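**Q** Provided herewith: input-v8.cif, mmCIF, C-alpha atoms.
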```
data_coords
#
loop_
_atom_site.group_PDB
_atom_site.id
_atom_site.type_symbol
_atom_site.label_atom_id
_atom_site.label_comp_id
_atom_site.auth_asym_id
_atom_site.auth_seq_id
_atom_site.Cartn_x
_atom_site.Cartn_y
_atom_site.Cartn_z
ATOM 1 C CA ASN A 1 -22.151 -37.056 35.381
ATOM 2 C CA VAL A 2 -22.564 -35.350 38.745
ATOM 3 C CA VAL A 3 -20.195 -34.318 41.545
ATOM 4 C CA GLU A 4 -20.610 -37.433 43.699
ATOM 5 C CA GLU A 5 -19.767 -39.674 40.716
ATOM 6 C CA ASP A 6 -16.585 -37.673 40.073
ATOM 7 C CA VAL A 7 -15.511 -38.067 43.698
ATOM 8 C CA GLY A 8 -16.166 -41.822 43.631
ATOM 9 C CA PHE A 9 -14.274 -42.391 40.353
ATOM 10 C CA GLY A 10 -10.841 -42.928 41.973
ATOM 11 C CA PRO A 11 -11.888 -45.442 44.649
ATOM 12 C CA GLU A 12 -13.938 -47.356 42.056
ATOM 13 C CA ASN A 13 -10.852 -47.776 39.847
ATOM 14 C CA MET A 14 -8.920 -49.002 42.894
ATOM 15 C CA GLY A 15 -11.434 -51.806 43.369
ATOM 16 C CA VAL A 16 -12.930 -50.456 46.597
ATOM 17 C CA PRO A 17 -16.277 -52.133 47.469
ATOM 18 C CA THR A 18 -19.374 -50.104 46.523
ATOM 19 C CA GLU A 19 -20.562 -49.580 50.112
ATOM 20 C CA GLU A 20 -17.134 -48.274 51.120
ATOM 21 C CA ILE A 21 -17.005 -45.992 48.043
ATOM 22 C CA TRP A 22 -20.200 -44.176 49.046
ATOM 23 C CA LYS A 23 -18.981 -43.870 52.617
ATOM 24 C CA ARG A 24 -15.775 -42.237 51.377
ATOM 25 C CA VAL A 25 -17.685 -39.974 48.984
ATOM 26 C CA ASN A 26 -19.867 -38.713 51.835
ATOM 27 C CA GLU A 27 -16.901 -38.134 54.133
ATOM 28 C CA SER A 28 -14.814 -36.394 51.448
ATOM 29 C CA LEU A 29 -17.586 -34.043 50.293
ATOM 30 C CA LYS A 30 -18.297 -33.124 53.906
ATOM 31 C CA ALA A 31 -14.589 -32.463 54.558
ATOM 32 C CA VAL A 32 -14.369 -29.935 51.697
ATOM 33 C CA GLY A 33 -17.772 -28.353 52.330
ATOM 34 C CA MET A 34 -19.370 -29.530 49.072
ATOM 35 C CA GLU A 35 -22.154 -31.812 50.343
ATOM 36 C CA ALA A 36 -24.869 -29.487 49.041
ATOM 37 C CA TYR A 37 -23.493 -29.761 45.483
ATOM 38 C CA ARG A 38 -23.228 -33.550 45.236
ATOM 39 C CA MET A 39 -25.983 -33.889 42.591
ATOM 40 C CA GLN A 40 -24.865 -30.927 40.488
ATOM 41 C CA SER A 41 -22.919 -31.093 37.259
ATOM 42 C CA PRO A 42 -19.231 -30.174 37.761
ATOM 43 C CA ASN A 43 -19.518 -27.908 34.705
ATOM 44 C CA LYS A 44 -21.858 -25.592 36.615
ATOM 45 C CA LEU A 45 -19.468 -25.036 39.523
ATOM 46 C CA SER A 46 -17.110 -22.090 40.027
ATOM 47 C CA GLY A 47 -13.358 -22.540 39.661
ATOM 48 C CA GLY A 48 -12.829 -22.752 43.412
ATOM 49 C CA GLN A 49 -15.663 -25.259 43.812
ATOM 50 C CA LYS A 50 -14.233 -27.451 41.034
ATOM 51 C CA GLN A 51 -10.890 -27.509 42.791
ATOM 52 C CA ARG A 52 -12.556 -28.497 46.063
ATOM 53 C CA VAL A 53 -14.354 -31.357 44.297
ATOM 54 C CA ALA A 54 -11.014 -32.475 42.829
ATOM 55 C CA ILE A 55 -9.521 -32.459 46.330
ATOM 56 C CA ALA A 56 -12.501 -34.501 47.600
ATOM 57 C CA GLY A 57 -11.813 -37.057 44.856
ATOM 58 C CA ILE A 58 -8.224 -37.367 46.031
ATOM 59 C CA MET A 59 -9.306 -37.661 49.664
ATOM 60 C CA ALA A 60 -11.678 -40.498 48.759
ATOM 61 C CA MET A 61 -8.614 -42.548 47.773
ATOM 62 C CA LYS A 62 -7.278 -42.182 51.351
ATOM 63 C CA PRO A 63 -3.762 -40.852 50.643
ATOM 64 C CA GLN A 64 -1.307 -39.976 53.402
ATOM 65 C CA ILE A 65 0.283 -37.236 51.294
ATOM 66 C CA ILE A 66 -1.231 -34.898 48.686
ATOM 67 C CA VAL A 67 0.994 -32.988 46.245
ATOM 68 C CA MET A 68 -0.691 -29.884 44.796
ATOM 69 C CA ASP A 69 0.953 -28.108 41.873
ATOM 70 C CA GLU A 70 -0.331 -24.507 41.854
ATOM 71 C CA PRO A 71 -3.942 -25.459 42.724
ATOM 72 C CA THR A 72 -5.045 -21.815 42.853
ATOM 73 C CA ALA A 73 -3.673 -20.802 39.444
ATOM 74 C CA MET A 74 -6.288 -19.059 37.279
ATOM 75 C CA LEU A 75 -8.687 -18.654 40.220
ATOM 76 C CA ASP A 76 -10.106 -15.358 41.445
ATOM 77 C CA PRO A 77 -9.383 -14.271 45.074
ATOM 78 C CA SER A 78 -12.597 -15.891 46.325
ATOM 79 C CA GLY A 79 -11.768 -19.187 44.637
ATOM 80 C CA ARG A 80 -8.213 -19.106 45.957
ATOM 81 C CA LYS A 81 -9.492 -18.598 49.499
ATOM 82 C CA GLU A 82 -11.911 -21.539 49.166
ATOM 83 C CA VAL A 83 -9.128 -23.873 48.047
ATOM 84 C CA LEU A 84 -6.614 -22.719 50.668
ATOM 85 C CA ASP A 85 -9.172 -23.010 53.475
ATOM 86 C CA THR A 86 -9.823 -26.578 52.324
ATOM 87 C CA VAL A 87 -6.098 -27.370 52.236
ATOM 88 C CA HIS A 88 -5.651 -26.066 55.793
ATOM 89 C CA GLU A 89 -8.599 -28.147 57.011
ATOM 90 C CA LEU A 90 -7.138 -31.271 55.367
ATOM 91 C CA ASN A 91 -3.862 -30.740 57.142
ATOM 92 C CA LYS A 92 -5.237 -29.868 60.577
ATOM 93 C CA LYS A 93 -8.312 -32.093 60.876
ATOM 94 C CA GLU A 94 -7.595 -35.009 58.543
ATOM 95 C CA LYS A 95 -3.862 -35.063 59.393
ATOM 96 C CA ILE A 96 -2.919 -35.284 55.703
ATOM 97 C CA THR A 97 0.519 -34.014 54.707
ATOM 98 C CA VAL A 98 0.156 -31.404 51.951
ATOM 99 C CA ILE A 99 3.026 -30.433 49.644
ATOM 100 C CA LEU A 100 1.972 -27.189 47.976
ATOM 101 C CA ILE A 101 3.863 -25.883 44.937
ATOM 102 C CA THR A 102 3.097 -22.206 44.363
ATOM 103 C CA HIS A 103 4.373 -18.825 43.223
ATOM 104 C CA TYR A 104 1.908 -17.005 45.504
ATOM 105 C CA MET A 105 3.932 -16.288 48.622
ATOM 106 C CA GLU A 106 0.873 -15.368 50.718
ATOM 107 C CA GLU A 107 -0.194 -19.013 50.373
ATOM 108 C CA VAL A 108 2.765 -20.375 52.320
ATOM 109 C CA ILE A 109 2.923 -18.114 55.385
ATOM 110 C CA ASP A 110 1.015 -20.714 57.454
ATOM 111 C CA ALA A 111 3.153 -23.653 56.291
ATOM 112 C CA ASP A 112 5.267 -25.671 58.726
ATOM 113 C CA ARG A 113 8.178 -25.686 56.297
ATOM 114 C CA VAL A 114 9.106 -23.757 53.145
ATOM 115 C CA VAL A 115 11.559 -25.080 50.546
ATOM 116 C CA VAL A 116 12.866 -22.654 47.896
ATOM 117 C CA VAL A 117 13.857 -24.315 44.592
ATOM 118 C CA ASP A 118 15.826 -22.603 41.828
ATOM 119 C CA GLY A 119 16.918 -24.340 38.655
ATOM 120 C CA GLY A 120 16.035 -27.737 40.092
ATOM 121 C CA ARG A 121 18.170 -27.182 43.199
ATOM 122 C CA ILE A 122 17.079 -26.570 46.812
ATOM 123 C CA VAL A 123 18.556 -23.171 47.662
ATOM 124 C CA ASP A 124 16.815 -22.514 50.981
ATOM 125 C CA ASP A 125 14.821 -24.449 53.560
ATOM 126 C CA GLY A 126 13.208 -23.242 56.782
ATOM 127 C CA THR A 127 10.125 -21.854 58.476
ATOM 128 C CA PRO A 128 8.141 -19.100 56.715
ATOM 129 C CA ARG A 129 9.588 -16.487 59.081
ATOM 130 C CA GLU A 130 13.146 -17.672 58.444
ATOM 131 C CA ILE A 131 12.638 -17.673 54.678
ATOM 132 C CA PHE A 132 10.837 -14.331 54.428
ATOM 133 C CA SER A 133 13.416 -12.619 56.632
ATOM 134 C CA GLN A 134 15.728 -12.874 53.584
ATOM 135 C CA VAL A 135 13.899 -10.575 51.184
ATOM 136 C CA GLU A 136 16.912 -9.616 49.068
ATOM 137 C CA GLN A 137 17.946 -13.237 48.604
ATOM 138 C CA LEU A 138 14.432 -14.234 47.506
ATOM 139 C CA LYS A 139 14.377 -11.406 44.996
ATOM 140 C CA ARG A 140 17.615 -12.722 43.500
ATOM 141 C CA TYR A 141 15.686 -15.899 42.756
ATOM 142 C CA HIS A 142 12.920 -13.781 41.142
ATOM 143 C CA LEU A 143 10.459 -14.584 43.924
ATOM 144 C CA ASP A 144 8.081 -12.132 45.533
ATOM 145 C CA VAL A 145 7.357 -11.919 49.246
ATOM 146 C CA PRO A 146 4.016 -11.220 50.976
ATOM 147 C CA HIS A 147 2.999 -7.569 50.520
ATOM 148 C CA VAL A 148 3.125 -6.730 54.228
ATOM 149 C CA THR A 149 6.559 -8.384 54.480
ATOM 150 C CA GLU A 150 7.896 -6.224 51.659
ATOM 151 C CA LEU A 151 6.322 -3.072 53.091
ATOM 152 C CA ALA A 152 7.973 -3.697 56.479
ATOM 153 C CA TRP A 153 11.281 -4.408 54.710
ATOM 154 C CA GLU A 154 11.053 -1.169 52.694
ATOM 155 C CA LEU A 155 10.308 0.816 55.868
ATOM 156 C CA LYS A 156 13.244 -0.839 57.636
ATOM 157 C CA LYS A 157 15.535 0.143 54.748
ATOM 158 C CA ASP A 158 14.193 3.676 55.177
ATOM 159 C CA GLY A 159 15.435 3.723 58.764
ATOM 160 C CA LEU A 160 12.482 2.470 60.826
ATOM 161 C CA PRO A 161 13.371 -0.370 63.245
ATOM 162 C CA PHE A 162 10.946 -3.006 61.957
ATOM 163 C CA LYS A 163 11.730 -6.624 62.817
ATOM 164 C CA ASP A 164 12.512 -9.073 60.008
ATOM 165 C CA GLY A 165 9.988 -11.555 58.724
ATOM 166 C CA VAL A 166 6.682 -9.735 59.294
ATOM 167 C CA LEU A 167 4.122 -12.134 57.803
ATOM 168 C CA SER A 168 0.614 -10.806 58.429
ATOM 169 C CA VAL A 169 -1.403 -7.600 58.551
ATOM 170 C CA ASN A 170 -1.848 -7.979 62.320
ATOM 171 C CA GLU A 171 1.915 -8.377 62.818
ATOM 172 C CA PHE A 172 2.575 -5.322 60.679
ATOM 173 C CA THR A 173 0.043 -3.258 62.617
ATOM 174 C CA ASP A 174 1.610 -4.262 65.948
ATOM 175 C CA GLU A 175 5.075 -3.459 64.617
ATOM 176 C CA PHE A 176 3.953 -0.102 63.249
ATOM 177 C CA LYS A 177 2.466 0.872 66.609
ATOM 178 C CA ARG A 178 5.641 -0.245 68.388
ATOM 179 C CA VAL A 179 7.904 1.620 65.980
ATOM 180 C CA CYS A 180 5.860 4.786 66.350
ATOM 181 C CA ASP A 181 6.040 4.395 70.145
ATOM 182 C CA ALA A 182 2.237 4.200 70.316
ATOM 183 C CA ASP A 183 1.914 7.821 69.169
ATOM 184 C CA PHE A 184 0.009 7.132 65.980
ATOM 185 C CA SER A 185 -2.736 9.506 64.884
ATOM 186 C CA VAL A 186 -4.193 9.724 61.453
ATOM 187 C CA HIS A 187 -5.664 12.054 58.911
ATOM 188 C CA GLY A 188 -4.618 9.832 56.007
ATOM 189 C CA ALA A 189 -1.599 8.528 57.950
ATOM 190 C CA GLN A 190 0.205 11.066 60.129
ATOM 191 C CA VAL A 191 2.434 10.436 63.138
ATOM 192 C CA SER A 192 1.434 12.818 65.919
ATOM 193 C CA GLY A 193 2.286 13.619 69.534
ATOM 194 C CA LYS A 194 0.825 12.094 72.689
ATOM 195 C CA GLU A 195 -1.113 15.199 73.498
ATOM 196 C CA ASN A 196 -3.295 14.723 70.411
ATOM 197 C CA TYR A 197 -4.065 11.037 70.751
ATOM 198 C CA SER A 198 -4.779 8.985 73.849
ATOM 199 C CA GLU A 199 -4.203 5.257 74.283
ATOM 200 C CA ASN A 200 -7.950 4.660 74.505
ATOM 201 C CA ASN A 201 -8.387 5.831 70.916
ATOM 202 C CA TYR A 202 -6.487 2.957 69.309
ATOM 203 C CA SER A 203 -9.598 0.807 68.967
ATOM 204 C CA LYS A 204 -11.025 3.612 66.815
ATOM 205 C CA VAL A 205 -8.485 3.226 64.005
ATOM 206 C CA ILE A 206 -9.132 1.225 60.832
ATOM 207 C CA TYR A 207 -5.988 -0.051 59.083
ATOM 208 C CA CYS A 208 -6.312 -0.896 55.401
ATOM 209 C CA PHE A 209 -3.587 -2.466 53.265
ATOM 210 C CA ASP A 210 -3.705 -1.814 49.526
ATOM 211 C CA CYS A 211 -2.631 -5.348 48.632
ATOM 212 C CA ASP A 212 -4.882 -6.282 45.718
ATOM 213 C CA LYS A 213 -3.437 -4.601 42.643
ATOM 214 C CA GLN A 214 -6.095 -6.174 40.412
ATOM 215 C CA ASP A 215 -8.708 -3.675 41.581
ATOM 216 C CA SER A 216 -9.503 -0.853 39.201
ATOM 217 C CA LYS A 217 -9.392 2.785 40.243
ATOM 218 C CA GLU A 218 -13.196 2.799 40.108
ATOM 219 C CA ASP A 219 -13.326 -0.155 42.544
ATOM 220 C CA ASP A 220 -10.880 1.686 44.816
ATOM 221 C CA ARG A 221 -12.964 4.851 44.619
ATOM 222 C CA LYS A 222 -16.184 3.034 45.577
ATOM 223 C CA PHE A 223 -14.461 1.347 48.505
ATOM 224 C CA LEU A 224 -12.861 4.551 49.757
ATOM 225 C CA GLU A 225 -16.120 6.496 49.526
ATOM 226 C CA LYS A 226 -17.801 3.814 51.665
ATOM 227 C CA ALA A 227 -14.885 3.886 54.105
ATOM 228 C CA LYS A 228 -15.023 7.662 54.330
ATOM 229 C CA LYS A 229 -18.755 7.604 55.081
ATOM 230 C CA TYR A 230 -18.406 4.826 57.667
ATOM 231 C CA CYS A 231 -15.483 6.510 59.426
ATOM 232 C CA LYS A 232 -17.318 9.829 59.580
ATOM 233 C CA GLU A 233 -20.484 8.263 60.999
ATOM 234 C CA HIS A 234 -18.640 6.204 63.635
ATOM 235 C CA GLU A 235 -15.807 8.669 64.363
ATOM 236 C CA TYR A 236 -13.081 6.315 63.187
ATOM 237 C CA GLU A 237 -9.675 7.330 61.892
ATOM 238 C CA PHE A 238 -8.697 5.664 58.604
ATOM 239 C CA VAL A 239 -5.153 4.459 57.790
ATOM 240 C CA TRP A 240 -4.442 3.360 54.231
ATOM 241 C CA PHE A 241 -1.076 1.773 53.451
ATOM 242 C CA CYS A 242 -0.104 1.884 49.786
ATOM 243 C CA LYS A 243 3.132 1.385 47.879
ATOM 244 C CA ASP A 244 2.610 3.578 44.813
ATOM 245 C CA VAL A 245 3.076 7.336 44.953
ATOM 246 C CA GLU A 246 0.217 7.975 42.519
ATOM 247 C CA ASP A 247 -2.146 6.113 44.862
ATOM 248 C CA VAL A 248 -1.314 8.576 47.642
ATOM 249 C CA TYR A 249 -2.699 11.474 45.637
ATOM 250 C CA PHE A 250 -5.718 9.438 44.525
ATOM 251 C CA HIS A 251 -6.642 8.639 48.142
ATOM 252 C CA ARG A 252 -5.826 12.196 49.161
ATOM 253 C CA ALA A 253 -8.373 13.584 46.707
ATOM 254 C CA ILE A 254 -11.156 11.445 48.162
ATOM 255 C CA PHE A 255 -10.360 11.980 51.842
ATOM 256 C CA GLY A 256 -9.840 15.704 51.521
ATOM 257 C CA CYS A 257 -6.091 16.335 51.627
ATOM 258 C CA PRO A 258 -4.973 14.106 54.512
ATOM 259 C CA SER A 259 -1.402 14.214 55.754
ATOM 260 C CA ILE A 260 0.998 11.574 54.499
ATOM 261 C CA PHE A 261 3.511 9.343 56.256
ATOM 262 C CA SER A 262 5.478 7.685 53.499
ATOM 263 C CA CYS A 263 8.470 5.543 52.686
ATOM 264 C CA ALA A 264 10.441 5.404 49.435
ATOM 265 C CA SER A 265 8.492 4.024 46.497
ATOM 266 C CA LYS A 266 10.186 1.783 43.953
ATOM 267 C CA ALA A 267 8.021 3.394 41.307
ATOM 268 C CA SER A 268 9.653 6.749 42.004
ATOM 269 C CA LYS A 269 13.286 7.819 41.682
ATOM 270 C CA SER A 270 12.956 10.181 44.624
ATOM 271 C CA LYS A 271 11.267 9.953 47.989
ATOM 272 C CA PRO A 272 7.887 11.597 48.401
ATOM 273 C CA THR A 273 7.822 14.230 51.116
ATOM 274 C CA SER A 274 6.916 12.922 54.565
ATOM 275 C CA GLY A 275 4.289 14.935 56.375
#
```
Taking this structure as input, can you express it in the form of structure tokens?

**A**
Amino acid sequence: NVVEEDVGFGPENMGVPTEEIWKRVNESLKAVGMEAYRMQSPNKLSGGQKQRVAIAGIMAMKPQIIVMDEPTAMLDPSGRKEVLDTVHELNKKEKITVILITHYMEEVIDADRVVVVDGGRIVDDGTPREIFSQVEQLKRYHLDVPHVTELAWELKKDGLPFKDGVLSVNEFTDEFKRVCDADFSVHGAQVSGKENYSENNYSKVIYCFDCDKQDSKEDDRKFLEKAKKYCKEHEYEFVWFCKDVEDVYFHRAIFGCPSIFSCASKASKSKPTSG
């Protein structure tokens, strides 16, 4: 069988007329961005593409609500992004209510409502910002929080006045600049005085968050070497946020002994020295 037959399977079983089935198949494949693959075998698609075809099949049955139970499980980052982009489009453009069950907290930061369930009971209910402002409570339920949320929380515990519920990299960057009173200069990540860094320089800073722990050290090394070359050629400063102490020394070796601005690491019993 081919993709378009898979998508039309549900409506056919519901007794939808043939002409209407093909209309729905066309609309559904277009909605999930899979029109170009309609004549391909599903077995030749990537994990993310298969999930998008599955979503198209559900859409062809014209539901008002779609319940997705960990739709991105076992997918690589690219596949996860494909599926989540499709889910957002369904909700915004097709006006379909989506109930997403997931353990990946980054997947719910754009939700209208987050419900936390523990042992079959609802233990919390609110907006993403309300929920993720309660980091310690979520950890008691053995749930993670988005990486930038946890980093801001760790820095706040270390005495920096970060607001609660930071959800995105852009929010974290804005908060970091605010907390540092706009006096942020970097060789690695060093806080400096106004005399060394003017306000006009802020567009010349690249912020990088070490969020993907699946990368190998070799992948990190290749990326950092490219970043180092790019920053040197374009006169950019490079800021790398990482949570593990050993990563600090790894990055330091590549960038040539930069200074370090650090918070306590859970992997270490003592705080690394701030520079």

**Q** Expand the PyMOL selection byres ((chain A and resi 172) around 12) into the explicit residue set it covers here, and present it as a PyMOL selection string.

**A** chain A and resi 146-153+155-156+162-171+173-179+207-209+241

**Q** Identify the residues around (-16.1, -47.6, 44.9) within a radius of 12 Å, measuring from all atoms listed in the file in the coordinates stated by the file, and give them as a count of residues only.

**A** 26

**Q** Need the axis-aligned box for stretch 15-22 of chain A with 5 Å each side, so what are the centre and edges in Å to one decimal, as JSON?

**A**
```
{"center_x": -16.0, "center_y": -48.2, "center_z": 47.2, "size_x": 19.1, "size_y": 18.0, "size_z": 17.8}
```

**Q** I would like the residues chosen by the PyMOL selection byres ((chain A and resi 108) around 12) on the shown file; could you give them as a ChimeraX atom specification?

**A** /A:70,84,87-88,98-107,109-116,126-129,131-132,144-146,167-168

**Q** For the atom pair atom CA of A:Gln137 and atom CA of A:Asp124, what is the interatomic distance in Å to one decimal place?

**A**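 One can read the atom CA of A:Gln137 to atom CA of A:Asp124 distance as 9.6 Å.
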
**Q** Can you tell me how far atom CA of A:Asn1 sits from atom CA of A:Gly48, in Å to one decimal?

**A** 18.9 Å

**Q** Rounded to one decimal, what separation in Å do you get between atom CA of A:Gln40 and atom CA of A:Val2?

**A**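 Atom-to-atom, atom CA of A:Gln40 to atom CA of A:Val2, that is 5.3 Å.
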
**Q** If we count only C-alpha atoms, what is near A:Glu82 at a cut-off of 8 Å, once residues fewer than 4 positions away on the same chain are taken out, given as a PyMOL selection string?

**A** chain A and resi 48-49+52+78+86

**Q** Name the closest residue to A:Ser28 among the candidates A:Ser41, A:Ala227, A:Val3, A:Val117; distances are taken between atoms, counting all atoms listed in the file.

**A**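 Ranking A:Ser41, A:Ala227, A:Val3, A:Val117 by distance to A:Ser28, first place goes to A:Val3.
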
**Q** Could you pull the residues within 8 Å of A:Ile96, counting all atoms listed in the file, minus those fewer than 4 positions along the same chain, as a list in words?

**A**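 Counting only the stated atoms, we get Pro63, Gln64, Ile65, Ile66, Leu90, Asn91 and Lys92 of chain A.
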
**Q** Which residue gives the smallest distance to A:Tyr141 among A:Asp118, A:Asp158, A:Asp125, A:Asp219, with all atoms listed in the file counted?

**A** A:Asp118

**Q** Which one of A:Gly47, A:Thr97, A:Ala36, A:Glu225 sits closest to A:Val67 if you count only C-alpha atoms?

**A**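 For A:Val67, the nearest of the given residues is A:Thr97.
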
**Q** What would stretch 131-147 of chain A look like with N, CA, C and O atoms in place, written as an mmCIF file, in the frame of the given file?

**A**
```cif
data_model
loop_
_atom_site.group_PDB
_atom_site.id
_atom_site.type_symbol
_atom_site.label_atom_id
_atom_site.label_comp_id
_atom_site.auth_asym_id
_atom_site.auth_seq_id
_atom_site.Cartn_x
_atom_site.Cartn_y
_atom_site.Cartn_z
ATOM 1 N N ILE A 131 12.501 -17.888 56.123
ATOM 2 C CA ILE A 131 12.638 -17.673 54.678
ATOM 3 C C ILE A 131 12.355 -16.225 54.308
ATOM 4 O O ILE A 131 13.123 -15.584 53.570
ATOM 5 N N PHE A 132 11.251 -15.673 54.834
ATOM 6 C CA PHE A 132 10.837 -14.331 54.428
ATOM 7 C C PHE A 132 11.597 -13.225 55.162
ATOM 8 O O PHE A 132 11.344 -12.046 54.923
ATOM 9 N N SER A 133 12.510 -13.604 56.039
ATOM 10 C CA SER A 133 13.416 -12.619 56.632
ATOM 11 C C SER A 133 14.552 -12.291 55.665
ATOM 12 O O SER A 133 15.335 -11.375 55.905
ATOM 13 N N GLN A 134 14.649 -13.046 54.565
ATOM 14 C CA GLN A 134 15.728 -12.874 53.584
ATOM 15 C C GLN A 134 15.159 -12.337 52.272
ATOM 16 O O GLN A 134 15.231 -12.995 51.231
ATOM 17 N N VAL A 135 14.596 -11.142 52.344
ATOM 18 C CA VAL A 135 13.899 -10.575 51.184
ATOM 19 C C VAL A 135 14.830 -10.415 49.978
ATOM 20 O O VAL A 135 14.479 -10.791 48.859
ATOM 21 N N GLU A 136 16.001 -9.859 50.196
ATOM 22 C CA GLU A 136 16.912 -9.616 49.068
ATOM 23 C C GLU A 136 17.320 -10.917 48.392
ATOM 24 O O GLU A 136 17.425 -10.982 47.164
ATOM 25 N N GLN A 137 17.563 -11.949 49.178
ATOM 26 C CA GLN A 137 17.946 -13.237 48.604
ATOM 27 C C GLN A 137 16.812 -13.821 47.771
ATOM 28 O O GLN A 137 17.033 -14.343 46.670
ATOM 29 N N LEU A 138 15.574 -13.720 48.264
ATOM 30 C CA LEU A 138 14.432 -14.234 47.506
ATOM 31 C C LEU A 138 14.267 -13.491 46.191
ATOM 32 O O LEU A 138 13.929 -14.086 45.162
ATOM 33 N N LYS A 139 14.499 -12.200 46.218
ATOM 34 C CA LYS A 139 14.377 -11.406 44.996
ATOM 35 C C LYS A 139 15.438 -11.799 43.970
ATOM 36 O O LYS A 139 15.216 -11.700 42.762
ATOM 37 N N ARG A 140 16.581 -12.249 44.438
ATOM 38 C CA ARG A 140 17.615 -12.722 43.500
ATOM 39 C C ARG A 140 17.144 -13.973 42.760
ATOM 40 O O ARG A 140 17.604 -14.255 41.649
ATOM 41 N N TYR A 141 16.254 -14.713 43.400
ATOM 42 C CA TYR A 141 15.686 -15.899 42.756
ATOM 43 C C TYR A 141 14.382 -15.567 42.028
ATOM 44 O O TYR A 141 13.637 -16.460 41.635
ATOM 45 N N HIS A 142 14.109 -14.269 41.863
ATOM 46 C CA HIS A 142 12.920 -13.781 41.142
ATOM 47 C C HIS A 142 11.616 -14.224 41.816
ATOM 48 O O HIS A 142 10.632 -14.528 41.151
ATOM 49 N N LEU A 143 11.650 -14.271 43.149
ATOM 50 C CA LEU A 143 10.459 -14.584 43.924
ATOM 51 C C LEU A 143 9.967 -13.338 44.645
ATOM 52 O O LEU A 143 10.767 -12.525 45.104
ATOM 53 N N ASP A 144 8.654 -13.212 44.747
ATOM 54 C CA ASP A 144 8.081 -12.132 45.533
ATOM 55 C C ASP A 144 8.001 -12.559 46.998
ATOM 56 O O ASP A 144 8.252 -13.720 47.334
ATOM 57 N N VAL A 145 7.634 -11.623 47.848
ATOM 58 C CA VAL A 145 7.357 -11.919 49.246
ATOM 59 C C VAL A 145 5.965 -11.373 49.546
ATOM 60 O O VAL A 145 5.439 -10.565 48.781
ATOM 61 N N PRO A 146 5.324 -11.798 50.638
ATOM 62 C CA PRO A 146 4.016 -11.220 50.976
ATOM 63 C C PRO A 146 4.080 -9.698 51.018
ATOM 64 O O PRO A 146 5.095 -9.122 51.421
ATOM 65 N N HIS A 147 3.000 -9.030 50.622
ATOM 66 C CA HIS A 147 2.999 -7.569 50.520
ATOM 67 C C HIS A 147 3.367 -6.897 51.842
ATOM 68 O O HIS A 147 4.151 -5.935 51.858
#
```
